[in-house]
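Listing of run_15.json, JSON, C-alpha atoms
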[["chain", "number", "residue", "atom", "x", "y", "z"],
["A", 279, "MET", "CA", 99.68, 224.87, -124.83],
["A", 280, "PRO", "CA", 98.51, 227.77, -122.63],
["A", 281, "GLU", "CA", 98.11, 227.32, -118.89],
["A", 282, "PRO", "CA", 94.50, 226.99, -117.72],
["A", 283, "PRO", "CA", 93.16, 229.92, -115.71],
["A", 284, "ILE", "CA", 93.90, 230.06, -112.00],
["A", 285, "PRO", "CA", 90.92, 228.55, -110.15],
["A", 286, "VAL", "CA", 88.82, 230.74, -107.89],
["A", 287, "ALA", "CA", 85.71, 228.66, -107.17],
["A", 288, "ALA", "CA", 85.90, 225.33, -105.32],
["A", 289, "THR", "CA", 89.48, 226.13, -104.28],
["A", 290, "ALA", "CA", 91.48, 225.95, -101.05],
["A", 291, "LEU", "CA", 94.86, 227.36, -100.07],
["A", 292, "VAL", "CA", 97.04, 224.74, -98.35],
["A", 293, "LEU", "CA", 100.05, 225.93, -96.35],
["A", 294, "GLN", "CA", 102.36, 222.94, -95.97],
["A", 295, "GLU", "CA", 104.39, 222.85, -92.71],
["A", 296, "LEU", "CA", 104.73, 226.63, -92.42],
["A", 297, "GLN", "CA", 104.88, 226.12, -88.68],
["A", 298, "GLN", "CA", 107.11, 227.41, -85.91],
["A", 299, "GLY", "CA", 109.12, 224.20, -85.56],
["A", 300, "VAL", "CA", 109.96, 224.06, -89.27],
["A", 301, "VAL", "CA", 110.42, 227.61, -90.59],
["A", 302, "GLY", "CA", 109.60, 229.75, -87.55],
["A", 303, "GLY", "CA", 111.22, 230.69, -84.28],
["A", 304, "GLU", "CA", 111.24, 227.10, -82.98],
["A", 305, "THR", "CA", 112.86, 225.61, -86.08],
["A", 306, "VAL", "CA", 115.23, 222.67, -85.89],
["A", 307, "PHE", "CA", 115.87, 223.05, -89.62],
["A", 308, "PRO", "CA", 117.80, 226.33, -89.79],
["A", 309, "GLU", "CA", 118.99, 225.88, -93.38],
["A", 310, "LEU", "CA", 115.45, 225.33, -94.63],
["A", 311, "ALA", "CA", 114.11, 228.21, -92.53],
["A", 312, "ARG", "CA", 116.84, 230.48, -93.91],
["A", 313, "ALA", "CA", 116.02, 229.49, -97.49],
["A", 314, "ALA", "CA", 112.32, 230.13, -96.93],
["A", 315, "ALA", "CA", 113.09, 233.56, -95.50],
["A", 316, "GLU", "CA", 115.49, 234.50, -98.27],
["A", 317, "LEU", "CA", 113.07, 233.44, -100.99],
["A", 318, "GLY", "CA", 110.17, 235.34, -99.43],
["A", 319, "VAL", "CA", 108.09, 232.23, -98.83],
["A", 320, "ILE", "CA", 106.53, 233.48, -95.58],
["A", 321, "ASP", "CA", 105.73, 236.94, -96.94],
["A", 322, "ASN", "CA", 104.21, 235.56, -100.13],
["A", 323, "ALA", "CA", 102.23, 232.92, -98.25],
["A", 324, "ALA", "CA", 100.87, 235.68, -96.01],
["A", 325, "ARG", "CA", 99.81, 237.68, -99.06],
["A", 326, "LEU", "CA", 98.06, 234.65, -100.50],
["A", 327, "ALA", "CA", 96.33, 233.88, -97.21],
["A", 328, "ASP", "CA", 95.03, 237.45, -96.95],
["A", 329, "ALA", "CA", 93.72, 237.32, -100.51],
["A", 330, "ALA", "CA", 92.10, 233.94, -99.93],
["A", 331, "ARG", "CA", 90.31, 235.12, -96.81],
["A", 332, "THR", "CA", 89.01, 238.18, -98.66],
["A", 333, "ARG", "CA", 87.58, 235.93, -101.36],
["A", 334, "GLY", "CA", 86.18, 233.39, -98.90],
["A", 335, "ILE", "CA", 88.66, 230.71, -99.97],
["A", 336, "PRO", "CA", 89.53, 228.30, -97.13],
["A", 337, "VAL", "CA", 93.01, 228.73, -95.65],
["A", 338, "ILE", "CA", 94.27, 225.36, -94.40],
["A", 339, "HIS", "CA", 97.44, 224.97, -92.34],
["A", 340, "ALA", "CA", 98.70, 221.41, -92.88],
["A", 341, "THR", "CA", 101.05, 220.86, -89.95],
["A", 342, "ALA", "CA", 103.19, 217.98, -88.73],
["A", 343, "ALA", "CA", 102.69, 216.91, -85.12],
["A", 344, "ASN", "CA", 103.52, 213.95, -82.89],
["A", 345, "LEU", "CA", 101.20, 212.22, -80.46],
["A", 346, "PRO", "CA", 102.40, 211.54, -76.88],
["A", 347, "ASP", "CA", 105.34, 209.14, -76.71],
["A", 348, "GLY", "CA", 105.53, 209.27, -80.49],
["A", 349, "PHE", "CA", 102.53, 206.95, -80.80],
["A", 350, "GLY", "CA", 102.02, 206.01, -84.44],
["A", 351, "ALA", "CA", 105.01, 207.98, -85.72],
["A", 352, "ASN", "CA", 107.03, 206.57, -88.60],
["A", 353, "HIS", "CA", 110.40, 204.90, -88.07],
["A", 354, "ASN", "CA", 110.81, 203.40, -91.53],
["A", 355, "ALA", "CA", 112.99, 205.98, -93.30],
["A", 356, "ARG", "CA", 116.17, 207.93, -92.63],
["A", 357, "LEU", "CA", 114.26, 211.21, -92.84],
["A", 358, "PHE", "CA", 112.26, 210.47, -89.70],
["A", 359, "ALA", "CA", 115.38, 209.51, -87.73],
["A", 360, "ALA", "CA", 117.17, 212.64, -88.93],
["A", 361, "ALA", "CA", 114.27, 214.84, -87.85],
["A", 362, "ARG", "CA", 114.26, 213.30, -84.37],
["A", 363, "LYS", "CA", 118.05, 213.67, -84.11],
["A", 364, "ALA", "CA", 117.69, 217.35, -85.05],
["A", 365, "GLY", "CA", 115.29, 217.76, -82.14],
["A", 366, "ALA", "CA", 111.97, 217.81, -83.99],
["A", 367, "ARG", "CA", 109.49, 216.81, -81.30],
["A", 368, "ASN", "CA", 106.39, 218.63, -82.57],
["A", 369, "ALA", "CA", 104.35, 217.66, -79.53],
["A", 370, "VAL", "CA", 100.66, 218.40, -79.76],
["A", 371, "GLY", "CA", 99.97, 221.78, -78.16],
["A", 372, "SER", "CA", 103.61, 222.88, -78.22],
["A", 373, "PRO", "CA", 104.78, 226.10, -79.93],
["A", 374, "SER", "CA", 106.54, 224.10, -82.64],
["A", 375, "VAL", "CA", 103.28, 222.86, -84.17],
["A", 376, "GLN", "CA", 101.67, 226.30, -84.33],
["A", 377, "PRO", "CA", 101.51, 228.07, -87.70],
["A", 378, "VAL", "CA", 103.92, 230.96, -88.13],
["A", 379, "ALA", "CA", 102.06, 233.82, -86.47],
["A", 380, "SER", "CA", 102.00, 236.13, -89.50],
["A", 381, "LEU", "CA", 100.22, 233.43, -91.51],
["A", 382, "PHE", "CA", 97.36, 232.62, -89.17],
["A", 383, "ALA", "CA", 94.05, 234.41, -88.69],
["A", 384, "PRO", "CA", 90.80, 233.50, -86.95],
["A", 385, "GLY", "CA", 88.74, 231.29, -89.22],
["A", 386, "ASP", "CA", 91.74, 229.46, -90.65],
["A", 387, "LEU", "CA", 91.79, 225.68, -90.33],
["A", 388, "ILE", "CA", 94.65, 223.70, -88.78],
["A", 389, "LEU", "CA", 94.90, 220.06, -89.86],
["A", 390, "PRO", "CA", 97.77, 218.23, -88.15],
["A", 391, "ARG", "CA", 99.02, 214.91, -89.41],
["A", 392, "TYR", "CA", 100.56, 212.45, -86.98],
["A", 393, "HIS", "CA", 102.44, 210.17, -89.35],
["A", 394, "GLY", "CA", 103.77, 210.00, -92.89],
["A", 395, "LEU", "CA", 104.75, 212.81, -95.20],
["A", 396, "SER", "CA", 101.58, 214.03, -96.88],
["A", 397, "PRO", "CA", 98.43, 215.63, -95.45],
["A", 398, "MET", "CA", 96.52, 214.27, -98.44],
["A", 399, "ALA", "CA", 97.41, 210.61, -97.87],
["A", 400, "ASP", "CA", 98.26, 210.62, -94.16],
["A", 401, "GLY", "CA", 95.65, 212.97, -92.71],
["A", 402, "GLN", "CA", 92.04, 214.09, -93.11],
["A", 403, "LEU", "CA", 92.61, 216.65, -95.85],
["A", 404, "ASP", "CA", 91.25, 214.70, -98.82],
["A", 405, "THR", "CA", 87.97, 213.71, -97.19],
["A", 406, "LEU", "CA", 87.33, 217.19, -95.80],
["A", 407, "LEU", "CA", 88.02, 218.81, -99.18],
["A", 408, "ARG", "CA", 85.72, 216.41, -101.01],
["A", 409, "ASN", "CA", 82.95, 216.88, -98.46],
["A", 410, "SER", "CA", 83.27, 220.63, -99.04],
["A", 411, "GLY", "CA", 83.10, 220.36, -102.84],
["A", 412, "ILE", "CA", 86.68, 221.55, -103.35],
["A", 413, "ASP", "CA", 88.49, 220.30, -106.45],
["A", 414, "SER", "CA", 91.42, 222.71, -106.81],
["A", 415, "LEU", "CA", 94.32, 223.49, -104.50],
["A", 416, "VAL", "CA", 96.89, 226.24, -104.28],
["A", 417, "VAL", "CA", 99.86, 224.72, -102.47],
["A", 418, "VAL", "CA", 102.58, 226.71, -100.69],
["A", 419, "GLY", "CA", 105.21, 225.97, -98.05],
["A", 420, "VAL", "CA", 108.06, 223.52, -97.54],
["A", 421, "SER", "CA", 109.83, 221.62, -98.61],
["A", 422, "LEU", "CA", 110.43, 221.00, -102.29],
["A", 423, "ASN", "CA", 112.69, 218.15, -101.26],
["A", 424, "VAL", "CA", 109.90, 215.85, -100.06],
["A", 425, "ALA", "CA", 106.67, 217.25, -98.62],
["A", 426, "ILE", "CA", 105.56, 219.57, -101.42],
["A", 427, "PRO", "CA", 106.07, 217.02, -104.25],
["A", 428, "ASN", "CA", 104.40, 214.38, -102.08],
["A", 429, "LEU", "CA", 101.35, 216.57, -101.50],
["A", 430, "VAL", "CA", 101.12, 217.65, -105.15],
["A", 431, "PHE", "CA", 101.39, 214.11, -106.50],
["A", 432, "ASP", "CA", 98.85, 212.82, -103.98],
["A", 433, "ALA", "CA", 96.43, 215.59, -104.91],
["A", 434, "VAL", "CA", 96.83, 215.08, -108.66],
["A", 435, "ASN", "CA", 96.38, 211.32, -108.25],
["A", 436, "ARG", "CA", 93.09, 212.09, -106.51],
["A", 437, "ALA", "CA", 91.93, 214.27, -109.43],
["A", 438, "TYR", "CA", 92.51, 217.68, -107.84],
["A", 439, "ARG", "CA", 93.85, 220.48, -109.97],
["A", 440, "VAL", "CA", 96.96, 221.94, -108.30],
["A", 441, "VAL", "CA", 98.54, 225.37, -108.58],
["A", 442, "VAL", "CA", 101.98, 226.03, -107.07],
["A", 443, "PRO", "CA", 103.15, 229.64, -106.65],
["A", 444, "THR", "CA", 106.86, 229.23, -107.28],
["A", 445, "ASP", "CA", 107.83, 232.15, -105.03],
["A", 446, "ALA", "CA", 105.94, 230.69, -102.06],
["A", 447, "VAL", "CA", 107.73, 227.32, -101.84],
["A", 448, "ALA", "CA", 111.30, 226.39, -100.92],
["A", 449, "GLY", "CA", 113.70, 223.49, -100.70],
["A", 450, "ILE", "CA", 117.39, 223.00, -100.02],
["A", 451, "PRO", "CA", 119.71, 223.54, -101.66],
["A", 452, "VAL", "CA", 117.74, 226.39, -103.24],
["A", 453, "GLU", "CA", 118.91, 225.47, -106.73],
["A", 454, "TYR", "CA", 117.68, 221.91, -106.23],
["A", 455, "GLY", "CA", 114.26, 223.29, -105.28],
["A", 456, "ARG", "CA", 114.15, 225.19, -108.56],
["A", 457, "GLN", "CA", 115.03, 222.01, -110.43],
["A", 458, "VAL", "CA", 112.18, 220.16, -108.75],
["A", 459, "LEU", "CA", 109.80, 222.88, -109.89],
["A", 460, "ASP", "CA", 111.12, 222.98, -113.44],
["A", 461, "ASN", "CA", 111.65, 219.27, -114.07],
["A", 462, "CYS", "CA", 109.02, 217.61, -111.91],
["A", 463, "LEU", "CA", 106.14, 219.73, -110.65],
["A", 464, "ALA", "CA", 105.84, 221.64, -113.92],
["A", 465, "LEU", "CA", 104.62, 218.39, -115.49],
["A", 466, "ILE", "CA", 101.65, 217.96, -113.16],
["A", 467, "ALA", "CA", 100.78, 221.36, -111.65],
["A", 468, "SER", "CA", 100.33, 224.92, -112.85],
["A", 469, "LEU", "CA", 103.39, 226.95, -111.84],
["A", 470, "VAL", "CA", 102.61, 230.62, -111.39],
["A", 471, "SER", "CA", 103.61, 233.60, -109.25],
["A", 472, "THR", "CA", 102.01, 234.73, -106.02],
["A", 473, "SER", "CA", 100.97, 237.95, -107.75],
["A", 474, "ALA", "CA", 99.19, 236.01, -110.50],
["A", 475, "VAL", "CA", 97.14, 234.07, -107.96],
["A", 476, "ILE", "CA", 96.26, 237.20, -106.02],
["A", 477, "SER", "CA", 95.26, 238.97, -109.22],
["A", 478, "ALA", "CA", 92.94, 236.11, -110.14],
["A", 479, "TRP", "CA", 91.42, 236.00, -106.68],
["A", 480, "THR", "CA", 90.94, 239.73, -106.23],
["A", 481, "GLY", "CA", 90.22, 240.71, -109.82]]
Can you dump the structure from the file as structure tokens?
Amino acid sequence: MPEPPIPVAATALVLQELQQGVVGGETVFPELARAAAELGVIDNAARLADAARTRGIPVIHATAANLPDGFGANHNARLFAAARKAGARNAVGSPSVQPVASLFAPGDLILPRYHGLSPMADGQLDTLLRNSGIDSLVVVGVSLNVAIPNLVFDAVNRAYRVVVPTDAVAGIPVEYGRQVLDNCLALIASLVSTSAVISAWTG
């Protein structure tokens, strides 16, 4: 069965945790940041963001941040403890919560979440998209271990159509990330290349 065409209308580009404290200069996750760099995630996300802006498609930076004293932050899974042990503070207003500089431009939207693992379930993203008439998402960023599948599943469960550019996402180990794409996300999202999305948006 052929893939449906890449959506152009009623679409948003969501950059998941492509922020300084995750894959940028403030990272406390060097292995993940290295994988993202080696796979070209930042460069391809930047290309997509430029194309989206040209087409008038919203560019949304879904970031992870913590309120003062960790108010409301999760403590119910090993992942959260591991992130704190690694030094992930992500204080509001700190450099670590800022999008990677090459990905941000005036007019972009930054939507921080203060708890949980998904901007769709644990932040304002769903309501804002619906109020704006958006029904399709192009999702890029990190990581394929947890956050990207979480976001994609949440979006699909809410009736959004989801496109994932496979060269603009990463997980660790890298081979595991590929397996997540091939054996999980391929069942619920359209897997394409960055170039294919740009071609659809600019053509």
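Between CA of Val337 (chain A) and CA of Ser380 (chain A) lies a distance of 13.2 Å.
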Around (103.8, 228.9, -95.5) in the file's own coordinates, what residues are found within 12 Å if you use all atoms listed in the file, given back as a ChimeraX atom specification?
/A:291-298,300-302,311,314-315,317-327,337-341,376-382,416-421,426,443,445-448
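Using all atoms listed in the file, the shortest contact distance between Ala425 (chain A) and any of A:Val375, A:Ala437, A:Leu357, A:Val452 is found at A:Leu357.
With CA of Met398 (chain A) on one side and CA of Val424 (chain A) on the other, the separation reads 13.6 Å.
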Could you pull the residues within 7 Å of Val475 (chain A), counting all atoms listed in the file, minus those fewer than 4 positions along the same chain, as an NGL selection string?
:A and (284 or 471 or 479)
Residues as selected, C-alpha atoms, written as a compact mmCIF listing (two decimals), in the frame of the given file, can you do that?
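Once written, selection_3.txt looks like this:
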# COMPACT_ATOMS: atom_id res chain seq x y z
CA ILE A 284 93.90 230.06 -112.00
CA SER A 471 103.61 233.60 -109.25
CA TRP A 479 91.42 236.00 -106.68
Give me, as a VMD selection string, all polymer residues having an atom no more than 12 Å from region 348-356 of chain A, counting all atoms listed in the file and skipping those fewer than 4 positions away in the same chain.
chain A and resid 342 to 344 360 to 363 366 to 370 391 to 395 400
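With all atoms listed in the file taken into account, the protein and nucleic acid residues at most 9 Å from Ile450 (chain A) (excluding it and anything under 3 positions from it in its own chain) are A:Glu309, A:Leu310, A:Ala313, A:Ser421, A:Leu422, A:Asn423, A:Glu453, A:Tyr454, A:Gly455.
Considering the residues A:Glu316, A:Gly299, A:Gln402, A:Ala329 and counting only C-alpha atoms, Ile476 (chain A) has its shortest atom-to-atom contact with A:Ala329.
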